[in-house]
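Trainee: Can you keep this structure in mind? I'll have questions shortly.
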Amino acid sequence: MADFLSFRTDEASQEPVVTLESFGDQSNATAVRIEPSEDARALLPFLDRISLVEVSFPAYTDGRGYSAARILREAGYEGELRAVGDVLVDQIAYMRRCGFDSFKPNAPLDDADVEAAIARYPDVYQKTIDGRTPIWAKRHESA
Amino acid sequence: MYQYDNYDQAMVDARVAEFRDQVSRRLEGKLTEEQFRPLRLMNGLYLQLHAYMLRVAVPYGTLSGRQMRMLGHIARKYDRGYGHFTTRQNIQYNWIKLSDAPDILADLASVEMHAIQTSGNCIRNISSDQYAGVAADEVADPRPWAELMRQWSSFHPEFSYLPRKFKIAVIASPEDRAAMRLHDIGLELVKRDGVIGARVFVGGGMGRTPMVAPEVNPFVTEDEIIAYVEACLRVYNRYGRRDNKYKARIKILVHELGVEEYRRQVAEEFAHMKALGLNPPREELARIAAYFADPAYEGGLPDALDRSDPDFALWVDRNVATHKQPGYAIVNISLKPIGGIPGDASADQIELMADLAERYSMDELRVTHAQNIVLPYVRKAELYALWQELHAAGLGEPNLDLVTDIIACPGLDYCSLANARSIPVAQKIAQRFAGNGKDAHIGELKLKISGCINACGHHHAGHIGILGVDRKGTENYQLLLGGSGAEDCSLGTITGPGFDENGIVDAVEKATDLYLRERAEGERFLDTYRRLGMAPFKEAIYG
């Protein structure tokens, strides 16, 4: 059972995480947490000094964090992107596709379940920023 | 029609395996009902009053004979011998056991079907025009775009936990047979200087706050439709209301922001997304479109019909529509026998329709949003033989678009949300108007019944709409007039105080009697209502 899960090759960030509101005032802060109602784009001017963004999921049904993650990755953010809160095994694969690379769930996840969930789908239908080649592109790769 | 390749099949097979695993984790108690709920909903499985209900997707309403036969098999093996076709061109089974659900999905996957995203707060089945590909007035067959969007929306990682469900319709004719502007996003394909693109309407819907979708973009070129729709959804996912389930649909966001501001936000997001390469290339659309190419029509077929059998002639006049190809016809099979349950078909009937599609309609059927079935490619010379078989099976009701061709939700007979029964009201109205013969005199009249304000029976969009409510513990029915889901889209207005079950039937008859007295040459009920306004109808109903 895992209460923290990382898909990064580097060490997980241990920096103190500050709220988006205080992040603006603390020019040496490198880890920030955003809530569902907060605009991920507010972080764009600071991406080069951020090493960890925690995206909060107070309830798994609140999908705003998926957009927040994708927006950060689309803007070129390469640091750690961590989903925190009500993160369940059946959401991990979609979160990975949106750019999350670490997870701190409220309730620990069964490692085997996570592995099965991530390996479940052989392919993807959409292009996102996760680098996977969508089915429509594979179909037209020159043979 | 579209056929899966290995990629599509592998995705659907993976879904079956995933759901089998989720169901077993639920049955073992590893998932609570609360945790299981969103997972089963992503697979179309609802917990209703008496049992689980499974909703199976019929993408843009198109089916082969083999697929239709499988729907009959499921009705017989896992349900009580019938299925219910819905207003979103899907089919529902009302008596499903949870432990059977994975096997049903496996059976569906064996004929390239699924129940993916037929419920839940995600992008639902893409709906379309039931006459796609055979209508004379279309710019292009809309189904290749619908299939492109089916694939794009399947397992979409960003848009699977939206504020609320999300429905998209794609049409390509000026005549709207799919209630396009009552969808969260409606796309109408149009041609501009020889280039195909889409008019994009966002924020339509029914429910407790009905709205006709405003146009957000007059022309998005076909190469950018996916990215534009993705931008529309991202703005919604980020800013749609999540504090109140009843204000969570995109129509509320568009309304509260105002269409100009919503349009501006989408344009900004679209400018960003355009650069991300989200749109499949043209070759992919062409690959899909090849599956929807015209079938091998025979030339030189006769258009003349032997109308000497008056019952047949009546059915032709009412249920057969003009085909773009000489010698062919579009046949509507009414699932509204007088006194029956709107949209229901028995396993035998479903299997017969599968047979008939194979023998008479180039192996293809369509489901309509009015809960009927279409055979799109019938030779006129074979209409009489086809009609005799339909008639013998109770599928020959000649009532397309008449007052007896009623859209109704399952209502309190099945649904855990309903306040009142819909089916018995539909049955009584059909019996009254078929019995006194007024249905034939009235002509086109779209009557739609919902058993609660969620409006699954489209009552807002009925020329006559009926809404069942709970009034101090008894079922009460409100009457609405003047709605339309077609290209002249409008929302009905409540006439006044509600009625009991018999009273609502009388009220409908009073309204239609006034119409029969007052109508001008060529006017439908809706036209007369629009010309005269509510006052005389109110007087006739309550006076």
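Quick note on naming: the chains in the structure tokens go A, B, ... in the order shown, residues restart at 1 in each chain, and ligands are numbered from 1 in order of appearance.
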Can you write out as a tab-separated table which residues of chain A fall within 9 Å of chain B, alongside each residue's closest atom pair and its distance in Å to one decimal, counting only C-alpha atoms and ordering rows by chain and ascending residue number?
Mentor:
residue	atom	partner	partner_atom	distance
A:Pro36	CA	B:Arg238	CA	8.3
A:Ser37	CA	B:Arg238	CA	7.9
A:Asp39	CA	B:Arg238	CA	8.6
A:Tyr60	CA	B:Tyr161	CA	8.0
A:Thr61	CA	B:Tyr161	CA	5.6
A:Asp62	CA	B:Tyr161	CA	6.2
A:Gly63	CA	B:Tyr161	CA	4.5
A:Arg64	CA	B:Arg238	CA	5.3
A:Gly65	CA	B:Arg238	CA	8.4
A:Tyr66	CA	B:Glu158	CA	5.2
A:Ser67	CA	B:Glu158	CA	6.0
A:Ala68	CA	B:Arg238	CA	8.2
A:Arg70	CA	B:Glu158	CA	7.9
A:Glu74	CA	B:Leu276	CA	8.0
A:Leu88	CA	B:Gln35	CA	8.6
A:Asp90	CA	B:Leu39	CA	8.0
A:Gln91	CA	B:Pro157	CA	8.9
A:Ala93	CA	B:Pro157	CA	8.0
A:Tyr94	CA	B:Pro157	CA	4.4
A:Met95	CA	B:Pro157	CA	6.9
A:Arg96	CA	B:Pro157	CA	8.6
A:Arg97	CA	B:Pro157	CA	6.3
A:Cys98	CA	B:Pro157	CA	6.5
A:Ala116	CA	B:Glu18	CA	9.0
A:Ala117	CA	B:Glu18	CA	7.9
A:Arg120	CA	B:Ala14	CA	6.3
A:Tyr121	CA	B:Ala14	CA	5.9
A:Pro122	CA	B:Met11	CA	7.0
A:Asp123	CA	B:Met11	CA	7.1
A:Val124	CA	B:Phe155	CA	7.9
A:Tyr125	CA	B:Trp152	CA	5.6
A:Gln126	CA	B:Trp152	CA	5.6
A:Lys127	CA	B:Leu278	CA	5.6
A:Thr128	CA	B:Leu278	CA	7.5
A:Ile129	CA	B:Leu276	CA	8.6
A:Pro134	CA	B:Pro280	CA	9.0
A:Ile135	CA	B:Tyr7	CA	6.9
A:Trp136	CA	B:Pro280	CA	6.2
A:Ala137	CA	B:Pro280	CA	7.2
A:Arg139	CA	B:Glu284	CA	7.9
A:His140	CA	B:Glu284	CA	7.5
Trainee: For the selection just defined, write its residues with C-alpha atoms to a file, as a compact mmCIF listing (two decimals), in the first residue's frame.
Mentor:
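Written output follows (out_35.txt):
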# COMPACT_ATOMS: atom_id res chain seq x y z
CA PRO A 36 -9.57 23.94 -7.41
CA SER A 37 -10.90 27.49 -7.59
CA ASP A 39 -6.12 29.87 -11.61
CA TYR A 60 -12.43 13.20 -6.64
CA THR A 61 -15.53 14.47 -8.43
CA ASP A 62 -14.07 17.95 -8.77
CA GLY A 63 -12.17 17.75 -12.04
CA ARG A 64 -10.74 21.27 -12.19
CA GLY A 65 -7.31 20.00 -11.20
CA TYR A 66 -7.03 18.04 -14.45
CA SER A 67 -7.23 21.29 -16.42
CA ALA A 68 -4.80 22.99 -14.02
CA ARG A 70 -2.53 20.25 -18.32
CA GLU A 74 1.34 22.99 -21.82
CA LEU A 88 -8.41 7.16 -6.09
CA ASP A 90 -9.35 4.73 -10.91
CA GLN A 91 -8.32 8.35 -11.53
CA ALA A 93 -4.30 6.96 -15.36
CA TYR A 94 -6.21 10.09 -16.42
CA MET A 95 -4.14 12.18 -14.03
CA ARG A 96 -0.95 10.81 -15.55
CA ARG A 97 -2.25 11.79 -18.98
CA CYS A 98 -2.81 15.35 -17.75
CA ALA A 116 -3.15 -2.66 -13.27
CA ALA A 117 -5.02 0.63 -13.74
CA ARG A 120 -5.04 -1.21 -18.59
CA TYR A 121 -5.45 0.74 -21.81
CA PRO A 122 -3.05 -0.10 -24.62
CA ASP A 123 -3.50 3.24 -26.38
CA VAL A 124 -5.02 6.68 -26.18
CA TYR A 125 -7.45 8.56 -28.40
CA GLN A 126 -6.35 12.10 -27.61
CA LYS A 127 -3.18 14.04 -27.83
CA THR A 128 -2.19 15.58 -24.49
CA ILE A 129 1.18 16.66 -23.15
CA PRO A 134 -2.69 9.05 -30.10
CA ILE A 135 -4.38 6.31 -32.09
CA TRP A 136 -5.18 8.71 -34.93
CA ALA A 137 -1.50 9.41 -35.40
CA ARG A 139 -2.98 4.93 -37.92
CA HIS A 140 -1.22 7.25 -40.33
Trainee: Among chain A, which ones does DSSP place in helix (DSSP H, G or I), written as JSON, numbers by chain?
Mentor: {"A": [20, 21, 22, 23, 40, 41, 42, 43, 44, 45, 46, 47, 48, 49, 64, 65, 66, 67, 68, 69, 70, 71, 72, 73, 74, 89, 90, 91, 92, 93, 94, 95, 96, 97, 111, 112, 113, 114, 115, 116, 117, 118, 119, 135, 136, 137, 138]}
Trainee: Please measure the separation of CA of Ser484 (chain B) and CA of Arg517 (chain B), giving the value in Å to one decimal.
Mentor: 22.0 Å
Trainee: Between CA of Leu402 (chain B) and CA of Phe537 (chain B), measure the distance and give it in Å to one decimal.
Mentor: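 Going from CA of Leu402 (chain B) over to CA of Phe537 (chain B), I get 19.7 Å.
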Trainee: Can you pull out the residues contacting Ala486 (chain B)? Cut-off 6 Å, using only C-alpha atoms, and skip same-chain residues under 2 positions away; I want them as a count of residues only.
Mentor: 5
Trainee: I want to know what sits within 10 Å of Asp48 (chain A), based on only C-alpha atoms, with residues of the same chain fewer than 5 positions away left out; could you give that as an NGL selection string?
Mentor: :A and (30 or 43 or 76-79)
Trainee: Those residues you just picked out, can you put them in a file as a PDB file, in the first residue's frame with C-alpha atoms?
Mentor:
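Final output, out_17.pdb:
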ATOM      1  CA  THR A  30       9.756  26.912  -4.711  1.00  0.00           C
ATOM      2  CA  LEU A  43       1.891  30.554 -11.760  1.00  0.00           C
ATOM      3  CA  GLY A  76       6.378  24.046 -20.327  1.00  0.00           C
ATOM      4  CA  TYR A  77       6.478  23.339 -16.603  1.00  0.00           C
ATOM      5  CA  GLU A  78       8.779  20.362 -15.989  1.00  0.00           C
ATOM      6  CA  GLY A  79       8.929  20.233 -12.199  1.00  0.00           C
TER       7      GLY A  79
END
Trainee: Ranking B:Gly29, B:Gly65, B:Gly522, B:Pro536 by minimum distance to Met353 (chain B) and counting only C-alpha atoms, which one comes first?
Mentor: B:Gly65
Trainee: Of the residues B:Arg241, B:Lys448, B:Arg192, B:Lys251, which is the one nearest to Phe166 (chain B), using only C-alpha atoms?
Mentor: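 Going through B:Arg241, B:Lys448, B:Arg192, B:Lys251 one by one, the smallest distance to Phe166 (chain B) is for B:Lys251.
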Trainee: Find the spatial neighbours of Leu108 (chain B), counting only C-alpha atoms, within a cut-off of 9 Å - ignore same-chain residues fewer than 5 positions away - and output them as a list in words.
Mentor: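 Residues meeting the cut-off are Val56, Gln67, Met70, Leu71, Ile74, Asp103, Met113, His114 and Ala115 of chain B.
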Trainee: The selected residues should be written to file as an mmCIF file, in the first residue's frame (atoms: N, CA and C atoms).
Mentor:
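out-v8.cif, written as the output of this step:
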data_model
loop_
_atom_site.group_PDB
_atom_site.id
_atom_site.type_symbol
_atom_site.label_atom_id
_atom_site.label_comp_id
_atom_site.auth_asym_id
_atom_site.auth_seq_id
_atom_site.Cartn_x
_atom_site.Cartn_y
_atom_site.Cartn_z
ATOM 1 N N VAL B 56 -26.961 1.588 -23.076
ATOM 2 C CA VAL B 56 -25.975 1.205 -24.084
ATOM 3 C C VAL B 56 -25.895 2.300 -25.147
ATOM 4 N N GLN B 67 -25.605 -5.755 -34.897
ATOM 5 C CA GLN B 67 -25.625 -5.031 -33.615
ATOM 6 C C GLN B 67 -27.040 -5.003 -33.041
ATOM 7 N N MET B 70 -27.913 -8.207 -31.462
ATOM 8 C CA MET B 70 -27.303 -8.348 -30.131
ATOM 9 C C MET B 70 -28.132 -7.597 -29.080
ATOM 10 N N LEU B 71 -28.694 -6.446 -29.466
ATOM 11 C CA LEU B 71 -29.538 -5.719 -28.502
ATOM 12 C C LEU B 71 -30.762 -6.552 -28.126
ATOM 13 N N ILE B 74 -29.585 -9.321 -25.700
ATOM 14 C CA ILE B 74 -29.392 -8.821 -24.333
ATOM 15 C C ILE B 74 -30.741 -8.653 -23.637
ATOM 16 N N ASP B 103 -20.635 -9.202 -18.247
ATOM 17 C CA ASP B 103 -20.905 -10.102 -19.384
ATOM 18 C C ASP B 103 -21.658 -9.384 -20.495
ATOM 19 N N MET B 113 -19.749 -2.613 -29.833
ATOM 20 C CA MET B 113 -20.603 -1.678 -29.099
ATOM 21 C C MET B 113 -20.123 -1.589 -27.658
ATOM 22 N N HIS B 114 -20.636 -0.600 -26.959
ATOM 23 C CA HIS B 114 -20.189 -0.368 -25.585
ATOM 24 C C HIS B 114 -21.199 0.497 -24.842
ATOM 25 N N ALA B 115 -20.928 0.725 -23.562
ATOM 26 C CA ALA B 115 -21.756 1.627 -22.757
ATOM 27 C C ALA B 115 -20.877 2.730 -22.166
#
Trainee: Just want the 9 Å neighbourhood of Glu487 (chain B), counted on only C-alpha atoms, with same-chain residues fewer than 4 positions away dropped. Output as an MDAnalysis selection string.
Mentor: chainID B and resid 174:177 179:181
Trainee: Compile the contact shell of Ala29 (chain A) as a ChimeraX atom specification: residues with an atom at most 9 Å away, counting only C-alpha atoms, same-chain residues fewer than 5 positions apart removed.
Mentor: /A:15-18,23-24,49-50
Trainee: What does the file look like for those residues with C-alpha atoms, as a CSV table (one decimal), in the first residue's frame?
Mentor:
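Wrote it out as result_3.csv, contents follow:
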chain,number,residue,atom,x,y,z
A,15,GLU,CA,10.2,21.9,0.1
A,16,PRO,CA,7.6,23.5,2.3
A,17,VAL,CA,4.5,24.1,0.3
A,18,VAL,CA,2.9,27.5,0.4
A,23,PHE,CA,3.6,32.4,-3.0
A,24,GLY,CA,3.4,35.7,-4.6
A,49,ARG,CA,11.7,28.8,-9.9
A,50,ILE,CA,9.1,26.3,-9.1
Trainee: From a DSSP calculation on the backbone, collect every residue of chain A in strand (DSSP E) and output the set as a ChimeraX atom specification.
Mentor: /A:5-6,18-19,31-34,52-57,80-85,102-105
Trainee: Okay, now the selection with N, CA and C atoms, as a PDB file, in the first residue's frame?
Mentor:
ATOM      1  N   LEU A   5       3.272   8.268  -4.085  1.00  0.00           N
ATOM      2  CA  LEU A   5       3.580   7.558  -5.316  1.00  0.00           C
ATOM      3  C   LEU A   5       4.259   8.545  -6.245  1.00  0.00           C
ATOM      4  N   SER A   6       5.450   8.172  -6.754  1.00  0.00           N
ATOM      5  CA  SER A   6       6.100   9.097  -7.687  1.00  0.00           C
ATOM      6  C   SER A   6       6.518   8.359  -8.944  1.00  0.00           C
ATOM      7  N   VAL A  18       3.634  26.312  -0.028  1.00  0.00           N
ATOM      8  CA  VAL A  18       2.868  27.488   0.399  1.00  0.00           C
ATOM      9  C   VAL A  18       1.626  27.632  -0.460  1.00  0.00           C
ATOM     10  N   THR A  19       0.685  28.404   0.031  1.00  0.00           N
ATOM     11  CA  THR A  19      -0.533  28.635  -0.750  1.00  0.00           C
ATOM     12  C   THR A  19      -0.222  29.576  -1.903  1.00  0.00           C
ATOM     13  N   ALA A  31       7.835  25.750  -3.807  1.00  0.00           N
ATOM     14  CA  ALA A  31       6.764  24.751  -3.841  1.00  0.00           C
ATOM     15  C   ALA A  31       5.449  25.436  -3.497  1.00  0.00           C
ATOM     16  N   VAL A  32       4.424  25.162  -4.288  1.00  0.00           N
ATOM     17  CA  VAL A  32       3.159  25.889  -4.130  1.00  0.00           C
ATOM     18  C   VAL A  32       2.002  24.913  -4.284  1.00  0.00           C
ATOM     19  N   ARG A  33       0.930  25.243  -3.603  1.00  0.00           N
ATOM     20  CA  ARG A  33      -0.253  24.385  -3.680  1.00  0.00           C
ATOM     21  C   ARG A  33      -1.397  25.204  -4.255  1.00  0.00           C
ATOM     22  N   ILE A  34      -2.120  24.658  -5.224  1.00  0.00           N
ATOM     23  CA  ILE A  34      -3.281  25.385  -5.731  1.00  0.00           C
ATOM     24  C   ILE A  34      -4.563  24.611  -5.466  1.00  0.00           C
ATOM     25  N   LEU A  52       7.905  22.244  -7.332  1.00  0.00           N
ATOM     26  CA  LEU A  52       6.758  21.389  -6.999  1.00  0.00           C
ATOM     27  C   LEU A  52       5.466  22.203  -7.039  1.00  0.00           C
ATOM     28  N   VAL A  53       4.477  21.684  -7.769  1.00  0.00           N
ATOM     29  CA  VAL A  53       3.119  22.231  -7.668  1.00  0.00           C
ATOM     30  C   VAL A  53       2.228  21.112  -7.145  1.00  0.00           C
ATOM     31  N   GLU A  54       1.604  21.381  -6.020  1.00  0.00           N
ATOM     32  CA  GLU A  54       0.595  20.451  -5.516  1.00  0.00           C
ATOM     33  C   GLU A  54      -0.768  20.941  -5.984  1.00  0.00           C
ATOM     34  N   VAL A  55      -1.545  20.039  -6.574  1.00  0.00           N
ATOM     35  CA  VAL A  55      -2.893  20.391  -7.007  1.00  0.00           C
ATOM     36  C   VAL A  55      -3.853  19.637  -6.100  1.00  0.00           C
ATOM     37  N   SER A  56      -4.698  20.394  -5.454  1.00  0.00           N
ATOM     38  CA  SER A  56      -5.549  19.821  -4.423  1.00  0.00           C
ATOM     39  C   SER A  56      -6.852  19.264  -5.009  1.00  0.00           C
ATOM     40  N   PHE A  57      -7.190  18.061  -4.599  1.00  0.00           N
ATOM     41  CA  PHE A  57      -8.472  17.443  -4.966  1.00  0.00           C
ATOM     42  C   PHE A  57      -9.262  17.178  -3.685  1.00  0.00           C
ATOM     43  N   GLU A  80       7.934  18.892 -10.487  1.00  0.00           N
ATOM     44  CA  GLU A  80       7.018  17.868  -9.980  1.00  0.00           C
ATOM     45  C   GLU A  80       5.588  18.416  -9.934  1.00  0.00           C
ATOM     46  N   LEU A  81       4.656  17.592 -10.343  1.00  0.00           N
ATOM     47  CA  LEU A  81       3.243  17.983 -10.346  1.00  0.00           C
ATOM     48  C   LEU A  81       2.499  16.899  -9.572  1.00  0.00           C
ATOM     49  N   ARG A  82       2.019  17.280  -8.408  1.00  0.00           N
ATOM     50  CA  ARG A  82       1.535  16.284  -7.459  1.00  0.00           C
ATOM     51  C   ARG A  82       0.027  16.448  -7.214  1.00  0.00           C
ATOM     52  N   ALA A  83      -0.703  15.367  -7.381  1.00  0.00           N
ATOM     53  CA  ALA A  83      -2.135  15.370  -7.053  1.00  0.00           C
ATOM     54  C   ALA A  83      -2.281  14.970  -5.592  1.00  0.00           C
ATOM     55  N   VAL A  84      -3.021  15.800  -4.844  1.00  0.00           N
ATOM     56  CA  VAL A  84      -3.097  15.620  -3.404  1.00  0.00           C
ATOM     57  C   VAL A  84      -4.558  15.594  -2.974  1.00  0.00           C
ATOM     58  N   GLY A  85      -4.918  14.635  -2.153  1.00  0.00           N
ATOM     59  CA  GLY A  85      -6.264  14.657  -1.588  1.00  0.00           C
ATOM     60  C   GLY A  85      -7.043  13.404  -1.918  1.00  0.00           C
ATOM     61  N   SER A 102       3.300  12.771  -9.550  1.00  0.00           N
ATOM     62  CA  SER A 102       3.335  12.187  -8.211  1.00  0.00           C
ATOM     63  C   SER A 102       1.973  12.349  -7.544  1.00  0.00           C
ATOM     64  N   PHE A 103       1.752  11.512  -6.532  1.00  0.00           N
ATOM     65  CA  PHE A 103       0.424  11.411  -5.943  1.00  0.00           C
ATOM     66  C   PHE A 103       0.528  11.262  -4.435  1.00  0.00           C
ATOM     67  N   LYS A 104      -0.257  12.069  -3.737  1.00  0.00           N
ATOM     68  CA  LYS A 104      -0.339  11.916  -2.286  1.00  0.00           C
ATOM     69  C   LYS A 104      -1.807  11.761  -1.916  1.00  0.00           C
ATOM     70  N   PRO A 105      -2.295  10.534  -1.955  1.00  0.00           N
ATOM     71  CA  PRO A 105      -3.723  10.297  -1.717  1.00  0.00           C
ATOM     72  C   PRO A 105      -4.069  10.325  -0.228  1.00  0.00           C
TER      73      PRO A 105
END
